[in-house]
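Accompanying notes for the structure given below.
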Amino acid sequence: MKLATWNVNSLKVRLPQLLDWLAADPVDVVCLQETKLTDERFPRDALAEAGYDAAFSGQPTYNGVAILTRAATVGSPLDVQIGNPRFDDEQKRIIAATVGDLRVVCVYVPNGQSVDSDKYVYKLAWLDAMIAWLGPQVSASSSFALAGDFNIAPEARDVHDPEQWKGQVLFTDAERERFRQLERLGLVDAFRLFEQPEKSYSWWDYRQLAFRRNRGLRIDHVMVSPALRSRVRACTIDREMRKREQPSDHAPVIAEID
DNA sequence: ATGGCCCGTAGAACGGGA
């Protein structure tokens with residue numbers, strides 16, 4: 001089976017691309033971020049027609065997350081949980097579901113804007129609460145995946161210009177330390193289980209021809225528990241999606257799991 | 001040195017993204 005995460009930057013705009021992408025090479029579990037849709041406007045029918053069930057949690061204008069499952073292969077998302085019970089948050093950034101024997105947590109981590117912003121303080125507190133909430137789940141769960149837009153580039157090689165980004169939001173020591181804490185829970189970055197091309201990124205700014213110049217960041221991740229790690233056969237970034245007309249600024253990350 | 005794009009909500013610019 002395949003599990004993917006993709007920040008679509010508006011599901012309304014990206015729905016045709018999503019359907020086209022799923023029709024061409026079906027992914028069994030899809031974690032979406034920045035749907036930017038209220039639940040009433042979620043395109044549940046169009047996805048059902050394409051063979052996907054969905055669990056979703058949205059709001060107007062900002063944020064919004066969803067987990068899609070290919071009904072014929074993995075069934076429906078079960079035991080759906082919205083948000084982190086340990087963190088009161090109006091922003092819709094977390095949805096979790098059980099798919100087959102796999103527990104999947106889909107996250108849209110706050111961006112943080114800049115280190116001197118209140119949003120950065122919120123980001124770090126949000127991450128601390130997420131780590132505290134996930135800890136017991138990782139140890140108790142046999143196959144567990146944390147997938148989403150982490151808004152953290154974990155290492156220098158995940159940044160096109162580490163000098164330029166040094167101390168900048170998405171690449172500060174404090175954010176990267178939160179990523180290390182997730183690793184200490186036992187989660188591993190599935191992408192780094194395999195040999196990868198140099199300068200592999202998952203996000204490129206819309207401006208300055210950043211994609212063409214490959215000036216990007218790798219901030220979208222699939223992290224897996226020890227039990228799941230042994231079942232992961234590959235992890236790739238689908239750069240082709242970023243080449244399309246009217247692309248999201250993020251490319252999907254896809255893990256292949258036995 | 002600055003901002004350069006895209007999206008949603010508006011119904012003009014602006015907040016937010018990263």
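Please note that chains go A, B, ... in the order of the structure tokens, that every chain numbers its residues from 1, and that ligands are numbered from 1 in the order shown.
For chain B, the residues within 8 Å of chain A are B:DG4, B:DC5, B:DC6, B:DC7, B:DG8, B:DT9, B:DG17, B:DA18, with only C-alpha atoms (C1' of nucleotides) used to measure distance.
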Print the selection's residues with C-alpha atoms (C1' of nucleotides) to a file, as a CSV table (one decimal), in the first residue's frame.
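Result went into part-v2.csv, see below:
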```csv
chain,number,residue,atom,x,y,z
B,4,DG,C1',8.9,39.6,-6.3
B,5,DC,C1',3.4,34.7,-5.8
B,6,DC,C1',-0.8,32.4,-4.6
B,7,DC,C1',-5.3,31.7,-2.0
B,8,DG,C1',-9.5,33.2,0.5
B,9,DT,C1',-12.4,36.7,1.8
B,17,DG,C1',1.7,31.2,4.0
B,18,DA,C1',7.0,29.7,4.2
```
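Of note, atom CA of Ser202 of chain A and atom CA of Asn7 of chain A are spaced 9.7 Å apart.
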Shell around Ala23 of chain A at 10 Å using only C-alpha atoms (C1' of nucleotides), local window under 4 positions removed, as a PyMOL selection string: chain A and resi 17-19+27+50-51
Residues flagged alpha helix (DSSP H) by DSSP in segment 22-228 of chain A, as a PyMOL selection string: chain A and resi 22-24+44-49+71-74+118-140+162-165+173-184+226-228
Backbone DSSP call of strand (DSSP E or B) for segment 204-236 of chain A, listed as a PyMOL selection string: chain A and resi 204+216-217+220-224+232-236
Mind dumping the selected residues with N, CA and C atoms as a PDB file, in the first residue's frame?
```pdb
ATOM      1  N   TRP A 204       8.597  24.748  -2.407  1.00  0.00           N
ATOM      2  CA  TRP A 204       9.335  25.802  -3.098  1.00  0.00           C
ATOM      3  C   TRP A 204       8.438  27.033  -3.158  1.00  0.00           C
ATOM      4  N   GLY A 216      14.476  25.220  -2.410  1.00  0.00           N
ATOM      5  CA  GLY A 216      13.344  24.714  -1.627  1.00  0.00           C
ATOM      6  C   GLY A 216      13.740  24.276  -0.237  1.00  0.00           C
ATOM      7  N   LEU A 217      12.757  23.720   0.437  1.00  0.00           N
ATOM      8  CA  LEU A 217      12.941  23.163   1.782  1.00  0.00           C
ATOM      9  C   LEU A 217      12.245  21.804   1.825  1.00  0.00           C
ATOM     10  N   ASP A 220       7.869  18.597   4.592  1.00  0.00           N
ATOM     11  CA  ASP A 220       6.735  17.660   4.639  1.00  0.00           C
ATOM     12  C   ASP A 220       7.308  16.266   4.866  1.00  0.00           C
ATOM     13  N   HIS A 221       6.777  15.590   5.871  1.00  0.00           N
ATOM     14  CA  HIS A 221       7.419  14.350   6.305  1.00  0.00           C
ATOM     15  C   HIS A 221       6.418  13.239   6.602  1.00  0.00           C
ATOM     16  N   VAL A 222       6.929  12.009   6.473  1.00  0.00           N
ATOM     17  CA  VAL A 222       6.229  10.824   6.977  1.00  0.00           C
ATOM     18  C   VAL A 222       7.152  10.185   7.998  1.00  0.00           C
ATOM     19  N   MET A 223       6.709  10.181   9.248  1.00  0.00           N
ATOM     20  CA  MET A 223       7.504   9.548  10.303  1.00  0.00           C
ATOM     21  C   MET A 223       6.811   8.252  10.710  1.00  0.00           C
ATOM     22  N   VAL A 224       7.602   7.211  10.956  1.00  0.00           N
ATOM     23  CA  VAL A 224       7.021   5.893  11.227  1.00  0.00           C
ATOM     24  C   VAL A 224       7.572   5.290  12.510  1.00  0.00           C
ATOM     25  N   VAL A 232       8.395  -0.392   5.485  1.00  0.00           N
ATOM     26  CA  VAL A 232       8.495   0.681   4.499  1.00  0.00           C
ATOM     27  C   VAL A 232       9.503   0.292   3.424  1.00  0.00           C
ATOM     28  N   ARG A 233       9.078   0.294   2.184  1.00  0.00           N
ATOM     29  CA  ARG A 233       9.922  -0.141   1.068  1.00  0.00           C
ATOM     30  C   ARG A 233      10.523   1.021   0.289  1.00  0.00           C
ATOM     31  N   ALA A 234       9.902   2.166   0.383  1.00  0.00           N
ATOM     32  CA  ALA A 234      10.407   3.327  -0.352  1.00  0.00           C
ATOM     33  C   ALA A 234       9.734   4.582   0.170  1.00  0.00           C
ATOM     34  N   CYS A 235      10.389   5.713  -0.040  1.00  0.00           N
ATOM     35  CA  CYS A 235       9.759   7.000   0.270  1.00  0.00           C
ATOM     36  C   CYS A 235      10.281   8.019  -0.725  1.00  0.00           C
ATOM     37  N   THR A 236       9.355   8.657  -1.420  1.00  0.00           N
ATOM     38  CA  THR A 236       9.749   9.566  -2.493  1.00  0.00           C
ATOM     39  C   THR A 236       8.941  10.859  -2.430  1.00  0.00           C
TER      40      THR A 236
END
```
